[in-house]
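The structure under discussion appears below in the form of structure tokens.
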Amino acid sequence: MFSIIIPTWNNLAFAKLCVESIRKNSAFNHQIILHVNDGSDGTRQWAIDEQIDHSWSADNVGICAAVNEAGGLATTDYVVYMNDDMYVCPGWDTAIMDEIKKARTDCFMLSSTMIEPTDHNNPCVIVRDYGTTIETFKEQQLLAECGAMEKADWTGSTWPPTIVHRKYWLITGGYSIELSPGVSSDDDFSMKMWAAGCRIFKGVGKSRVYHFQSKSTLRIKKNNGRKQFLMKWGINQSTYNKYYIRRGTPWTGPLTDPTGSHMQWEQFRAWAKRKIM
């Protein structure tokens with residue numbers, strides 16, 4: 001049904017749990033594709049033993065190159081990008097398929113709704129602590145409670161798990177490797193979908209995925225994603241999120257192009273910032 005791309009970097013315990021949850025809690029039989037960065041912790045051998053489709057790099061190539069290489073192995077119509085520190089809850093894929101059927105177009109970008117243990121004032125997530133490590137994970141409690149949580153559909157899909165039609169994965173070229181190792185690559189891919197004509201950026205409230213909020217990014221030297229986004233698109237990420245995809249606002253339907261004096265001011269600010277960089 002879906003081709004689920006999961007990049008992983010020596011994070012075997014979380015990768016195993018993620019794959020197990022997909023196999024156990026999905027209603028459909030999905031293609032799972034790993035990109036194994038390094039894999040010296042046993043991840044690559046485990047993927048071989050489990051006969052999981054995967055690509056491999058000897059070193060950590062970052063999110064962008066990893067998802068693109070794994071994406072080349074996709075065989076279904078729908079490409080899902082998911083982090084290895086996620087656990088899918090029952091009904092996550094049926095809720096997404098219901099939205100795909102309602103869309104009546106293949107030009108969309110959907111996100112599952114994350115359940116996270118720590119509150120970062122993110123209006124797109126549900127905050128409930130079911131553990132931050134494999135050892136402290138309260139799996140049975142999560143499974144018992146996840147279906148009863150209230151969360152309406154929201155606008156502004158960019159964060160994984162994200163789902164797009166494979167046609168648009170190919171049209172946009174996947175994730176932009178100039179943003180490696182990956183800071184701001186989510187917003188950049190979303191902006192590429194906007195440029196390709198997408199106006200459905202929907203977070204699906206009934207599709208739930210627990211996110212452990214792993215600290216993998218602390219192990220890498222980060223790129224200056226905000227500056228790269230500004231120089232590439234001519235607007236700030238904050239402008240894109242607030243006025244284009246309106247991230248975190250209640251879902252009211254397909255988006256329209258932003259207009260008004262506030263946009264003129266934001267565009268002037270972006271122009272001035274690019275001039276001094």
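If you're wondering about the labels, chains in the structure tokens are A, B, ... by order shown, residues count from 1 in each chain, ligands from 1 in order shown.
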If we count only C-alpha atoms and set the cut-off at 8 Å, which residues sit around A:Lys192, ignoring sequence neighbours fewer than 4 positions away in its own chain? Please answer as a PDB file with C-alpha atoms, in the first residue's frame.
ATOM      1  CA  THR A 172      10.062  17.474  -6.865  1.00  0.00           C
ATOM      2  CA  ASP A 188      12.066  22.916   1.762  1.00  0.00           C
ATOM      3  CA  ALA A 196       4.497  21.954  -7.956  1.00  0.00           C
TER       4      ALA A 196
END
### Task
Can you list, as JSON, numbers by chain, all residues belonging to stretch 90-190 of chain A that DSSP tags as strand (DSSP E)?
{"A": [109, 110, 111, 112, 113, 114, 115, 116, 126, 127, 154, 155, 162, 163, 164, 165]}
### Task
Output as JSON, numbers by chain all residues of stretch 91-193 of chain A that backbone DSSP marks as helix (DSSP H, G or I).
{"A": [92, 93, 94, 95, 96, 97, 98, 99, 100, 101, 102, 103, 139, 140, 141, 142, 143, 144, 145, 146, 147, 148, 166, 167, 168, 169, 170, 171, 172, 177, 178, 179, 185, 186, 187, 188, 189, 190, 191, 192, 193]}
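Closest approach to A:Ile63 among A:Met193, A:Cys18, A:Leu34, A:Cys124: A:Leu34, based on only C-alpha atoms.
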## Note on the structure
In terms of only C-alpha atoms, the residue from A:Cys89, A:Ala58, A:Val183, A:Cys64 at minimal distance from A:Ala144 is A:Cys89
### Task
Tell me, as a ChimeraX atom specification, which residues lie within 9 Å of A:Ala27, counting only C-alpha atoms; anything in the same chain fewer than 4 positions away does not count.
/A:23,90-94
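Ranking A:Tyr240, A:Trp154, A:Trp169, A:Phe212 by their shortest atom-to-atom distance to A:Arg226, with only C-alpha atoms included, puts A:Tyr240 first.
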### Spatial neighbours of A:Leu170, max dist 12 Å, only C-alpha atoms, sep filter under 5 positions, as an NGL selection string
:A and (68 or 71-72 or 74 or 77-79 or 164-165 or 175 or 189 or 192-193 or 196)
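For the pair atom CA of A:Glu69 and atom CA of A:Phe14, the interatomic distance is 20.8 Å.
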### Query
Using only C-alpha atoms, which residues sit within 12 Å of A:Trp159 once same-chain residues fewer than 4 positions away are excluded, as a PyMOL selection string?
chain A and resi 80-83+109-114+122+124-125+155+163+183-190+201-204+209+211+241+247-248
With N, CA, C and O atoms retained, write the just-selected residues as a tab-separated table (two decimals), in the first residue's frame.
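Full text of selection17.tsv as output:
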chain	number	residue	atom	x	y	z
A	80	VAL	N	6.00	7.33	1.95
A	80	VAL	CA	5.96	7.84	3.32
A	80	VAL	C	7.39	8.03	3.81
A	80	VAL	O	8.23	7.14	3.65
A	81	TYR	N	7.67	9.18	4.39
A	81	TYR	CA	8.95	9.40	5.05
A	81	TYR	C	8.69	9.39	6.55
A	81	TYR	O	7.88	10.16	7.07
A	82	MET	N	9.39	8.51	7.25
A	82	MET	CA	9.19	8.33	8.70
A	82	MET	C	10.55	8.29	9.40
A	82	MET	O	11.51	7.77	8.85
A	83	ASN	N	10.60	8.81	10.62
A	83	ASN	CA	11.83	8.73	11.41
A	83	ASN	C	11.93	7.38	12.11
A	83	ASN	O	10.93	6.73	12.41
A	109	MET	N	-0.06	16.65	0.27
A	109	MET	CA	0.97	16.30	1.25
A	109	MET	C	0.27	16.13	2.59
A	109	MET	O	-0.30	17.08	3.13
A	110	LEU	N	0.26	14.90	3.08
A	110	LEU	CA	-0.41	14.58	4.34
A	110	LEU	C	0.62	14.23	5.41
A	110	LEU	O	1.70	13.74	5.11
A	111	SER	N	0.25	14.48	6.65
A	111	SER	CA	1.09	14.09	7.79
A	111	SER	C	0.25	13.35	8.81
A	111	SER	O	-0.92	13.69	9.03
A	112	SER	N	0.84	12.34	9.43
A	112	SER	CA	0.25	11.79	10.64
A	112	SER	C	0.45	12.78	11.78
A	112	SER	O	1.29	13.69	11.70
A	113	THR	N	-0.30	12.61	12.84
A	113	THR	CA	-0.18	13.46	14.02
A	113	THR	C	0.74	12.79	15.04
A	113	THR	O	0.51	11.64	15.43
A	114	MET	N	1.77	13.49	15.44
A	114	MET	CA	2.72	12.94	16.40
A	114	MET	C	2.20	13.09	17.83
A	114	MET	O	1.61	14.12	18.18
A	122	ASN	N	4.04	23.09	20.32
A	122	ASN	CA	3.76	22.77	18.92
A	122	ASN	C	2.28	22.44	18.79
A	122	ASN	O	1.82	21.42	19.32
A	124	CYS	N	0.65	21.25	16.47
A	124	CYS	CA	0.37	20.13	15.57
A	124	CYS	C	0.46	18.78	16.26
A	124	CYS	O	0.12	17.76	15.65
A	125	VAL	N	0.91	18.75	17.50
A	125	VAL	CA	1.15	17.46	18.17
A	125	VAL	C	0.24	17.29	19.38
A	125	VAL	O	-0.37	18.24	19.87
A	155	THR	N	-3.74	22.11	9.67
A	155	THR	CA	-3.16	22.57	8.41
A	155	THR	C	-1.65	22.74	8.57
A	155	THR	O	-1.17	23.14	9.62
A	163	ILE	N	3.27	11.88	3.74
A	163	ILE	CA	2.85	11.00	2.65
A	163	ILE	C	2.58	11.84	1.42
A	163	ILE	O	1.82	12.82	1.47
A	183	VAL	N	18.85	20.05	8.14
A	183	VAL	CA	18.11	21.10	8.83
A	183	VAL	C	17.32	21.92	7.80
A	183	VAL	O	17.87	22.37	6.80
A	184	SER	N	16.03	22.09	8.04
A	184	SER	CA	15.09	22.81	7.17
A	184	SER	C	14.70	22.06	5.91
A	184	SER	O	13.99	22.59	5.07
A	185	SER	N	15.15	20.81	5.78
A	185	SER	CA	14.81	20.05	4.57
A	185	SER	C	13.32	19.70	4.52
A	185	SER	O	12.76	19.56	3.43
A	186	ASP	N	12.66	19.58	5.68
A	186	ASP	CA	11.23	19.32	5.69
A	186	ASP	C	10.46	20.48	5.07
A	186	ASP	O	9.60	20.29	4.21
A	187	ASP	N	10.76	21.70	5.54
A	187	ASP	CA	10.08	22.87	4.99
A	187	ASP	C	10.42	23.06	3.51
A	187	ASP	O	9.58	23.47	2.72
A	188	ASP	N	11.66	22.77	3.15
A	188	ASP	CA	12.07	22.92	1.76
A	188	ASP	C	11.29	21.95	0.86
A	188	ASP	O	10.81	22.34	-0.22
A	189	PHE	N	11.13	20.69	1.30
A	189	PHE	CA	10.37	19.75	0.49
A	189	PHE	C	8.91	20.19	0.38
A	189	PHE	O	8.29	20.09	-0.69
A	190	SER	N	8.36	20.68	1.48
A	190	SER	CA	7.00	21.19	1.47
A	190	SER	C	6.86	22.35	0.49
A	190	SER	O	5.88	22.43	-0.27
A	201	PHE	N	-2.19	20.57	2.30
A	201	PHE	CA	-1.14	20.27	3.29
A	201	PHE	C	-1.87	19.97	4.61
A	201	PHE	O	-2.12	20.87	5.40
A	202	LYS	N	-2.22	18.72	4.79
A	202	LYS	CA	-3.15	18.36	5.86
A	202	LYS	C	-2.54	17.40	6.87
A	202	LYS	O	-1.98	16.36	6.51
A	203	GLY	N	-2.64	17.77	8.14
A	203	GLY	CA	-2.30	16.87	9.22
A	203	GLY	C	-3.54	16.10	9.63
A	203	GLY	O	-4.59	16.71	9.92
A	204	VAL	N	-3.45	14.80	9.64
A	204	VAL	CA	-4.61	13.95	9.90
A	204	VAL	C	-4.68	13.62	11.39
A	204	VAL	O	-3.80	12.93	11.92
A	209	VAL	N	1.07	8.69	15.63
A	209	VAL	CA	2.41	8.09	15.68
A	209	VAL	C	3.14	8.63	16.89
A	209	VAL	O	3.23	9.85	17.07
A	211	HIS	N	6.30	9.69	18.91
A	211	HIS	CA	7.64	10.16	18.55
A	211	HIS	C	8.48	10.29	19.82
A	211	HIS	O	8.16	11.09	20.70
A	241	ASN	N	5.61	29.22	6.72
A	241	ASN	CA	4.78	28.45	7.64
A	241	ASN	C	3.53	29.22	8.09
A	241	ASN	O	2.46	28.62	8.26
A	247	ARG	N	0.71	26.69	9.20
A	247	ARG	CA	0.97	25.53	10.05
A	247	ARG	C	0.33	25.66	11.43
A	247	ARG	O	0.48	26.67	12.10
A	248	GLY	N	-0.37	24.59	11.82
A	248	GLY	CA	-0.94	24.52	13.15
A	248	GLY	C	-2.34	25.07	13.28
A	248	GLY	O	-2.96	24.94	14.34
### Query
Which residue out of A:Leu143, A:Ile52, A:Ile126, A:Ala65 has the minimum interatomic distance to A:Asn37 when only C-alpha atoms are used?
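Closest residue, counting only C-alpha atoms: A:Ala65.
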